[in-house]
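Next comes final_20.csv, a file with CSV, C-alpha atoms.
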```csv
chain,number,residue,atom,x,y,z
A,1,MET,CA,297.3,111.1,78.9
A,2,SER,CA,294.9,111.3,81.8
A,3,SER,CA,294.4,108.2,84.0
A,4,HIS,CA,290.6,108.6,84.6
A,5,PRO,CA,288.6,105.4,84.1
A,6,VAL,CA,287.5,105.1,80.4
A,7,ALA,CA,283.8,104.4,80.0
A,8,ALA,CA,282.8,101.8,77.5
A,9,HIS,CA,281.0,104.3,75.3
A,10,GLU,CA,284.1,106.5,75.2
A,11,VAL,CA,286.1,103.6,73.8
A,12,GLY,CA,283.3,103.2,71.2
A,13,GLU,CA,283.4,106.9,70.2
A,14,ALA,CA,287.2,106.8,69.9
A,15,TYR,CA,286.9,103.7,67.8
A,16,LEU,CA,284.3,105.3,65.5
A,17,ASP,CA,286.3,108.5,65.2
A,18,LEU,CA,289.4,106.6,64.1
A,19,HIS,CA,287.2,104.7,61.5
A,20,HIS,CA,286.0,108.0,60.1
A,21,GLN,CA,289.5,109.2,59.6
A,22,LEU,CA,290.7,105.8,58.1
A,23,HIS,CA,287.8,105.9,55.7
A,24,ARG,CA,288.6,109.3,54.5
A,25,ILE,CA,292.3,108.6,54.1
A,26,CYS,CA,291.5,105.3,52.2
A,27,ASP,CA,289.1,107.1,50.0
A,28,GLN,CA,291.6,109.9,49.2
A,29,ALA,CA,294.3,107.3,48.4
A,30,MET,CA,291.8,105.4,46.2
A,31,GLY,CA,291.0,108.7,44.5
A,32,ALA,CA,294.7,109.3,43.7
A,33,ALA,CA,294.7,105.8,42.1
A,34,GLY,CA,291.6,106.7,39.9
A,35,LEU,CA,289.2,104.7,42.1
A,36,THR,CA,286.7,105.3,44.9
A,37,LEU,CA,286.3,103.2,48.1
A,38,ALA,CA,282.8,102.2,47.0
A,39,ARG,CA,284.0,101.0,43.6
A,40,ALA,CA,287.0,99.2,45.1
A,41,LYS,CA,284.8,97.3,47.5
A,42,VAL,CA,282.6,96.0,44.7
A,43,LEU,CA,285.7,95.0,42.6
A,44,ASN,CA,287.3,93.2,45.5
A,45,ARG,CA,284.2,91.4,46.4
A,46,LEU,CA,283.7,90.1,42.8
A,47,ASP,CA,287.4,89.2,42.7
A,48,ASP,CA,287.1,87.2,45.9
A,49,MET,CA,283.8,85.5,45.2
A,50,GLY,CA,283.3,85.4,41.5
A,51,PRO,CA,280.3,86.7,39.4
A,52,MET,CA,277.1,87.2,41.3
A,53,ASN,CA,273.8,89.0,40.8
A,54,GLN,CA,273.4,92.6,42.1
A,55,ALA,CA,271.0,91.8,44.9
A,56,THR,CA,273.6,89.3,46.4
A,57,LEU,CA,276.3,91.9,45.9
A,58,ALA,CA,274.3,94.6,47.7
A,59,GLY,CA,273.5,92.2,50.6
A,60,LEU,CA,277.2,91.2,51.0
A,61,LEU,CA,278.3,94.8,51.0
A,62,GLY,CA,275.4,95.9,53.3
A,63,HIS,CA,274.5,98.7,50.9
A,64,ALA,CA,271.1,99.6,49.4
A,65,PRO,CA,270.5,97.9,46.0
A,66,ARG,CA,270.1,101.3,44.3
A,67,SER,CA,273.5,102.6,45.4
A,68,VAL,CA,275.1,99.3,44.3
A,69,THR,CA,273.4,99.7,40.9
A,70,GLU,CA,274.9,103.2,40.6
A,71,THR,CA,278.4,101.9,41.4
A,72,VAL,CA,278.0,99.0,39.0
A,73,ASP,CA,276.8,101.3,36.3
A,74,ALA,CA,279.9,103.5,36.7
A,75,LEU,CA,282.2,100.4,36.7
A,76,GLU,CA,280.5,99.1,33.6
A,77,ARG,CA,281.0,102.4,31.8
A,78,ASP,CA,284.7,102.2,32.7
A,79,GLY,CA,284.9,98.6,31.3
A,80,LEU,CA,285.8,97.1,34.7
A,81,VAL,CA,282.7,94.9,35.1
A,82,ALA,CA,280.3,93.4,32.6
A,83,ARG,CA,276.7,92.4,33.1
A,84,THR,CA,275.1,89.3,31.6
A,85,SER,CA,271.6,87.9,32.2
A,86,ASP,CA,271.0,85.2,34.8
A,87,GLU,CA,269.9,82.0,33.2
A,88,ASN,CA,267.9,81.1,36.4
A,89,ASP,CA,266.1,84.4,36.6
A,90,ARG,CA,265.5,86.4,33.5
A,91,ARG,CA,265.0,89.7,35.3
A,92,ALA,CA,268.2,89.4,37.3
A,93,ARG,CA,271.6,90.5,36.0
A,94,ILE,CA,274.9,88.8,36.8
A,95,VAL,CA,277.9,91.1,37.4
A,96,ALA,CA,281.4,89.8,36.6
A,97,LEU,CA,284.9,91.4,36.5
A,98,THR,CA,286.6,92.0,33.2
A,99,ASP,CA,290.3,91.6,32.9
A,100,ALA,CA,290.7,95.3,33.4
A,101,GLY,CA,288.5,95.0,36.5
A,102,ARG,CA,290.7,92.3,37.9
A,103,ASP,CA,293.8,94.6,37.5
A,104,ALA,CA,291.9,97.5,39.1
A,105,SER,CA,290.9,95.2,42.0
A,106,GLU,CA,294.5,94.2,42.6
A,107,ALA,CA,295.6,97.9,42.4
A,108,ALA,CA,292.9,98.7,45.0
A,109,ARG,CA,294.3,96.0,47.3
A,110,VAL,CA,297.8,97.4,47.0
A,111,VAL,CA,296.6,101.0,47.8
A,112,ARG,CA,294.6,99.7,50.8
A,113,ALA,CA,297.5,97.6,52.2
A,114,LYS,CA,299.9,100.6,51.8
A,115,VAL,CA,297.5,102.9,53.7
A,116,MET,CA,297.0,100.2,56.4
A,117,ASP,CA,300.8,99.7,56.7
A,118,GLU,CA,301.4,103.5,57.0
A,119,ILE,CA,298.7,103.9,59.6
A,120,PHE,CA,299.2,100.8,61.9
A,121,GLY,CA,302.9,100.6,61.1
A,122,SER,CA,303.3,103.7,63.4
A,123,LEU,CA,302.6,101.3,66.4
A,124,SER,CA,305.4,99.2,67.9
A,125,ALA,CA,305.4,95.4,67.6
A,126,THR,CA,304.1,95.2,71.2
A,127,GLU,CA,301.4,97.8,70.6
A,128,ARG,CA,300.3,96.0,67.4
A,129,ALA,CA,300.1,92.7,69.4
A,130,SER,CA,298.0,94.3,72.1
A,131,PHE,CA,295.8,96.1,69.6
A,132,ALA,CA,295.1,92.9,67.7
A,133,ALA,CA,294.4,91.0,70.9
A,134,LEU,CA,291.9,93.6,72.0
A,135,LEU,CA,290.2,93.7,68.7
A,136,THR,CA,289.9,89.9,68.8
A,137,ARG,CA,288.5,90.0,72.4
A,138,VAL,CA,285.8,92.4,71.4
A,139,ARG,CA,284.9,90.5,68.2
A,140,THR,CA,284.8,87.2,70.1
A,141,GLN,CA,282.5,88.8,72.7
A,142,LEU,CA,280.3,90.0,69.9
A,143,SER,CA,280.0,86.6,68.4
A,144,VAL,CA,278.9,85.1,71.7
A,145,GLY,CA,276.4,87.9,72.2
A,146,GLU,CA,274.9,87.3,68.7
A,147,ARG,CA,274.5,83.6,69.4
A,148,GLN,CA,272.5,84.2,72.6
B,1,MET,CA,296.3,83.0,70.8
B,2,SER,CA,299.5,82.7,68.8
B,3,SER,CA,302.5,84.9,69.7
B,4,HIS,CA,303.7,85.5,66.1
B,5,PRO,CA,304.5,89.1,65.3
B,6,VAL,CA,301.4,91.0,64.1
B,7,ALA,CA,301.9,92.8,60.8
B,8,ALA,CA,300.6,96.4,60.5
B,9,HIS,CA,298.1,95.3,57.8
B,10,GLU,CA,296.8,92.5,59.9
B,11,VAL,CA,295.9,94.9,62.7
B,12,GLY,CA,294.2,97.0,60.0
B,13,GLU,CA,292.2,94.1,58.7
B,14,ALA,CA,291.2,93.1,62.3
B,15,TYR,CA,290.2,96.7,62.8
B,16,LEU,CA,288.0,96.8,59.7
B,17,ASP,CA,286.4,93.4,60.4
B,18,LEU,CA,285.3,94.6,63.8
B,19,HIS,CA,283.9,97.8,62.3
B,20,HIS,CA,281.9,95.7,59.8
B,21,GLN,CA,280.4,93.8,62.7
B,22,LEU,CA,279.7,97.0,64.8
B,23,HIS,CA,278.0,98.6,61.8
B,24,ARG,CA,275.8,95.6,61.3
B,25,ILE,CA,274.8,95.4,65.0
B,26,CYS,CA,274.2,99.2,65.3
B,27,ASP,CA,272.0,99.0,62.2
B,28,GLN,CA,270.0,96.1,63.6
B,29,ALA,CA,269.5,97.9,66.9
B,30,MET,CA,268.4,101.1,65.0
B,31,GLY,CA,266.0,98.9,63.0
B,32,ALA,CA,264.4,97.6,66.1
B,33,ALA,CA,263.9,101.3,67.2
B,34,GLY,CA,262.3,102.1,63.8
B,35,LEU,CA,265.3,103.8,62.4
B,36,THR,CA,268.3,103.0,60.1
B,37,LEU,CA,271.9,104.0,60.7
B,38,ALA,CA,271.8,106.2,57.7
B,39,ARG,CA,268.7,108.1,58.9
B,40,ALA,CA,270.1,108.3,62.5
B,41,LYS,CA,273.4,109.9,61.2
B,42,VAL,CA,271.4,112.6,59.3
B,43,LEU,CA,269.2,113.3,62.3
B,44,ASN,CA,272.2,113.5,64.8
B,45,ARG,CA,274.2,115.7,62.5
B,46,LEU,CA,271.3,118.2,62.1
B,47,ASP,CA,270.7,118.0,65.8
B,48,ASP,CA,274.4,118.9,66.5
B,49,MET,CA,274.9,121.5,63.9
B,50,GLY,CA,271.4,123.0,63.1
B,51,PRO,CA,269.7,123.4,59.8
B,52,MET,CA,271.9,123.2,56.7
B,53,ASN,CA,271.6,122.6,53.0
B,54,GLN,CA,271.7,119.1,51.5
B,55,ALA,CA,275.1,119.6,49.8
B,56,THR,CA,276.7,120.6,53.1
B,57,LEU,CA,275.0,117.7,54.8
B,58,ALA,CA,276.3,115.2,52.2
B,59,GLY,CA,279.8,116.6,52.5
B,60,LEU,CA,279.8,116.3,56.3
B,61,LEU,CA,278.6,112.7,56.1
B,62,GLY,CA,280.9,111.8,53.3
B,63,HIS,CA,278.0,110.4,51.3
B,64,ALA,CA,277.0,111.0,47.7
B,65,PRO,CA,274.4,113.9,47.4
B,66,ARG,CA,272.0,111.5,45.8
B,67,SER,CA,272.0,109.0,48.6
B,68,VAL,CA,271.5,111.9,51.1
B,69,THR,CA,268.6,113.1,49.1
B,70,GLU,CA,267.0,109.7,49.4
B,71,THR,CA,267.5,109.6,53.1
B,72,VAL,CA,266.1,113.2,53.6
B,73,ASP,CA,263.1,112.3,51.4
B,74,ALA,CA,262.3,109.4,53.7
B,75,LEU,CA,262.8,111.5,56.8
B,76,GLU,CA,260.5,114.2,55.4
B,77,ARG,CA,257.8,111.6,54.6
B,78,ASP,CA,258.0,110.5,58.2
B,79,GLY,CA,257.8,114.1,59.5
B,80,LEU,CA,261.2,114.0,61.1
B,81,VAL,CA,262.7,116.8,58.9
B,82,ALA,CA,261.3,119.7,57.0
B,83,ARG,CA,262.8,121.4,53.9
B,84,THR,CA,262.6,125.2,53.3
B,85,SER,CA,264.2,127.2,50.6
B,86,ASP,CA,267.5,128.9,51.1
B,87,GLU,CA,267.2,132.7,51.0
B,88,ASN,CA,270.7,133.0,49.6
B,89,ASP,CA,270.3,130.4,46.9
B,90,ARG,CA,266.9,129.8,45.4
B,91,ARG,CA,267.8,126.4,44.0
B,92,ALA,CA,269.1,125.1,47.3
B,93,ARG,CA,267.0,123.6,50.1
B,94,ILE,CA,267.6,123.9,53.8
B,95,VAL,CA,266.9,120.8,55.8
B,96,ALA,CA,265.9,121.2,59.5
B,97,LEU,CA,264.8,118.8,62.2
B,98,THR,CA,261.1,118.9,63.3
B,99,ASP,CA,260.2,118.4,67.0
B,100,ALA,CA,259.6,114.7,66.2
B,101,GLY,CA,263.0,114.6,64.5
B,102,ARG,CA,264.7,115.9,67.6
B,103,ASP,CA,263.1,113.1,69.6
B,104,ALA,CA,264.1,110.5,67.1
B,105,SER,CA,267.7,111.9,67.1
B,106,GLU,CA,267.8,111.5,70.9
B,107,ALA,CA,266.3,108.0,70.7
B,108,ALA,CA,269.1,107.1,68.1
B,109,ARG,CA,271.8,108.4,70.5
B,110,VAL,CA,270.4,106.2,73.3
B,111,VAL,CA,270.4,103.1,71.1
B,112,ARG,CA,273.9,103.8,69.9
B,113,ALA,CA,275.2,104.4,73.4
B,114,LYS,CA,273.6,101.2,74.6
B,115,VAL,CA,275.1,99.1,71.8
B,116,MET,CA,278.5,100.7,72.5
B,117,ASP,CA,278.2,100.0,76.2
B,118,GLU,CA,277.3,96.4,75.5
B,119,ILE,CA,280.2,95.9,73.1
B,120,PHE,CA,283.0,97.7,74.8
B,121,GLY,CA,281.7,97.0,78.2
B,122,SER,CA,282.9,93.4,77.8
B,123,LEU,CA,286.5,94.7,78.3
B,124,SER,CA,288.0,95.2,81.7
B,125,ALA,CA,288.8,98.8,82.9
B,126,THR,CA,292.5,98.1,82.2
B,127,GLU,CA,291.7,96.8,78.7
B,128,ARG,CA,289.5,99.8,78.0
B,129,ALA,CA,292.3,102.2,79.0
B,130,SER,CA,294.8,100.4,76.8
B,131,PHE,CA,292.3,100.3,73.9
B,132,ALA,CA,291.6,104.0,74.2
B,133,ALA,CA,295.3,104.8,74.5
B,134,LEU,CA,296.1,102.8,71.3
B,135,LEU,CA,293.2,104.4,69.4
B,136,THR,CA,294.5,107.8,70.4
B,137,ARG,CA,298.1,106.9,69.4
B,138,VAL,CA,297.0,105.9,65.9
B,139,ARG,CA,294.8,109.0,65.5
B,140,THR,CA,297.5,111.3,66.6
B,141,GLN,CA,299.9,109.7,64.2
B,142,LEU,CA,297.4,110.1,61.4
B,143,SER,CA,297.0,113.8,62.2
B,144,VAL,CA,300.7,114.3,62.0
B,145,GLY,CA,300.9,112.4,58.7
B,146,GLU,CA,298.1,114.6,57.3
B,147,ARG,CA,299.8,117.8,58.2
B,148,GLN,CA,303.0,116.8,56.5
```
Whole structure given in structure tokens:
Amino acid sequence: MSSHPVAAHEVGEAYLDLHHQLHRICDQAMGAAGLTLARAKVLNRLDDMGPMNQATLAGLLGHAPRSVTETVDALERDGLVARTSDENDRRARIVALTDAGRDASEAARVVRAKVMDEIFGSLSATERASFAALLTRVRTQLSVGERQ
Amino acid sequence: MSSHPVAAHEVGEAYLDLHHQLHRICDQAMGAAGLTLARAKVLNRLDDMGPMNQATLAGLLGHAPRSVTETVDALERDGLVARTSDENDRRARIVALTDAGRDASEAARVVRAKVMDEIFGSLSATERASFAALLTRVRTQLSVGERQ
């Protein structure tokens, strides 16, 4: 490995490249378990936070409402979520997990943890500690920046 | 900071949490420059690789063809890309940057580099070197895993 000074944007690019690979590997692993990453994210979010309307779900996931609608449609066809009307807003629809959806959410968590263990388990305990500390440093800095 | 051993999946979660924040900050910065991250990715990809059909573009970005169509529609309305028909496949459409699109692609790169510099520039030179080395370690390990 070369010892030239590493520019901030080079760390950023390396960070994003790794994310691209992680995303692909997670999606492949989800695919093997009969899910997609997009569906798994919706299921996990509903599992963590309970039933909610689609606009809230889209906001939490940072996705366009239309793409969340497509994912929810697919999950509903597969019996993993059910839609009911919102008693406070007749136009809105509340999305909730079914029992099968809860099982699928748990299965997605297992797949994800297994992928993460495989990937980051290749680091030594010392490397994991440094990595976690660096990630925390950057995140803390970000939070300070956002408050300013 | 506690000195308990850091489990592999904890590093993974910290990694993904940071990515979530980075994504949000980049999207906000793009928004301030009149772009979105999704549009910027399409523009940068066309800038790097030249004109291509939408299916190829969707594959390279790892997005659903339908969501790429929406993004390309918006870019076309704004005069940043133009569609022409593919002489090898009459049903397919080739997407190419316009001159304004090339300028927007460059503007997006500047925004992105600025965000990355702000975020990862908070680390010292030593920390950046360690971070880059750890990211490279994990990526190398991933490549080995994928070849097996």
Discussion item. Measuring between only C-alpha atoms, which one of B:Glu10, B:Asp78, B:Asp48, B:Asp89 shows the shortest distance to chain A?
Written reply: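 The shortest atom-to-atom distance to chain A comes from B:Glu10.
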Fill in: Atom pair CA of Leu97 (chain B) / CA of His23 (chain A): separation (Å)
27.2 Å
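The space between CA of Asp86 (chain B) and CA of Asp103 (chain B) spans 24.7 Å.
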Could you give me, as CSV, every chain A residue with an atom at most 6 Å from chain B, plus its closest atom pair and distance in Å to one decimal, counting all atoms listed in the file, rows ordered by chain then number?
```
residue,atom,partner,partner_atom,distance
A:Val6,CA,B:Ala129,CA,5.8
A:Ala8,CA,B:Phe120,CA,4.9
A:His9,CA,B:Met116,CA,5.2
A:Val11,CA,B:Ala132,CA,5.5
A:Gly12,CA,B:Met116,CA,5.6
A:Met116,CA,B:His9,CA,5.2
A:Asp117,CA,B:Ala8,CA,5.0
A:Phe120,CA,B:Ala8,CA,4.8
A:Gly121,CA,B:Ala8,CA,4.8
A:Ala129,CA,B:Val6,CA,5.7
A:Ala132,CA,B:Val11,CA,5.4
```
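The Cα RMSD of chain B against chain A, after a best least-squares fit over all residues paired in order, is 0.1 Å.
What separates CA of Gln54 (chain B) from CA of Arg91 (chain B) is a distance of 11.2 Å.
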Discussion item. With distances taken over all atoms listed in the file, which residue among B:Glu70, B:Val111, B:Val95, B:Arg45 lies nearest Ala33 (chain B)?
Written reply: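 Of B:Glu70, B:Val111, B:Val95, B:Arg45, the one nearest Ala33 (chain B) is B:Val111, counting all atoms listed in the file.
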Worksheet item: Pick the closest to Thr84 (chain A) from A:Thr56, A:Pro51, A:Glu106, A:Pro65: which is it, counting all atoms listed in the file?
Response: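 Closest to Thr84 (chain A), using all atoms listed in the file: A:Pro51.
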Can you take the partial region 93-117 of chain A, add N, CA and C atoms, and return it as a CSV table (one decimal), keeping the file's coordinate frame?
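Output file part-v3.csv is given in full below:
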```csv
chain,number,residue,atom,x,y,z
A,93,ARG,N,270.4,90.3,36.8
A,93,ARG,CA,271.6,90.5,36.0
A,93,ARG,C,272.8,90.0,36.8
A,94,ILE,N,273.7,89.2,36.1
A,94,ILE,CA,274.9,88.8,36.8
A,94,ILE,C,276.0,89.8,36.5
A,95,VAL,N,276.8,90.2,37.5
A,95,VAL,CA,277.9,91.1,37.4
A,95,VAL,C,279.2,90.3,37.5
A,96,ALA,N,280.1,90.5,36.5
A,96,ALA,CA,281.4,89.8,36.6
A,96,ALA,C,282.5,90.8,36.3
A,97,LEU,N,283.7,90.6,36.8
A,97,LEU,CA,284.9,91.4,36.5
A,97,LEU,C,285.3,91.2,35.1
A,98,THR,N,285.8,92.2,34.5
A,98,THR,CA,286.6,92.0,33.2
A,98,THR,C,288.0,91.9,33.6
A,99,ASP,N,288.9,91.7,32.6
A,99,ASP,CA,290.3,91.6,32.9
A,99,ASP,C,290.8,92.9,33.5
A,100,ALA,N,290.4,94.0,32.9
A,100,ALA,CA,290.7,95.3,33.4
A,100,ALA,C,290.2,95.5,34.9
A,101,GLY,N,289.1,94.9,35.1
A,101,GLY,CA,288.5,95.0,36.5
A,101,GLY,C,289.3,94.2,37.5
A,102,ARG,N,289.9,93.1,37.0
A,102,ARG,CA,290.7,92.3,37.9
A,102,ARG,C,292.0,93.1,38.2
A,103,ASP,N,292.6,93.8,37.2
A,103,ASP,CA,293.8,94.6,37.5
A,103,ASP,C,293.4,95.7,38.4
A,104,ALA,N,292.3,96.3,38.3
A,104,ALA,CA,291.9,97.5,39.1
A,104,ALA,C,291.7,97.0,40.6
A,105,SER,N,291.1,95.7,40.7
A,105,SER,CA,290.9,95.2,42.0
A,105,SER,C,292.2,95.0,42.7
A,106,GLU,N,293.2,94.4,42.0
A,106,GLU,CA,294.5,94.2,42.6
A,106,GLU,C,295.1,95.6,42.9
A,107,ALA,N,295.0,96.6,42.1
A,107,ALA,CA,295.6,97.9,42.4
A,107,ALA,C,294.9,98.5,43.6
A,108,ALA,N,293.6,98.2,43.8
A,108,ALA,CA,292.9,98.7,45.0
A,108,ALA,C,293.5,98.1,46.3
A,109,ARG,N,293.8,96.8,46.2
A,109,ARG,CA,294.3,96.0,47.3
A,109,ARG,C,295.7,96.6,47.7
A,110,VAL,N,296.5,96.9,46.7
A,110,VAL,CA,297.8,97.4,47.0
A,110,VAL,C,297.7,98.8,47.7
A,111,VAL,N,296.8,99.7,47.2
A,111,VAL,CA,296.6,101.0,47.8
A,111,VAL,C,296.1,100.8,49.3
A,112,ARG,N,295.2,99.9,49.5
A,112,ARG,CA,294.6,99.7,50.8
A,112,ARG,C,295.7,99.2,51.8
A,113,ALA,N,296.5,98.2,51.3
A,113,ALA,CA,297.5,97.6,52.2
A,113,ALA,C,298.6,98.7,52.5
A,114,LYS,N,298.9,99.5,51.5
A,114,LYS,CA,299.9,100.6,51.8
A,114,LYS,C,299.3,101.6,52.8
A,115,VAL,N,298.1,102.0,52.7
A,115,VAL,CA,297.5,102.9,53.7
A,115,VAL,C,297.5,102.2,55.1
A,116,MET,N,297.1,101.0,55.1
A,116,MET,CA,297.0,100.2,56.4
A,116,MET,C,298.4,100.1,57.0
A,117,ASP,N,299.4,99.9,56.2
A,117,ASP,CA,300.8,99.7,56.7
A,117,ASP,C,301.3,101.1,57.3
```
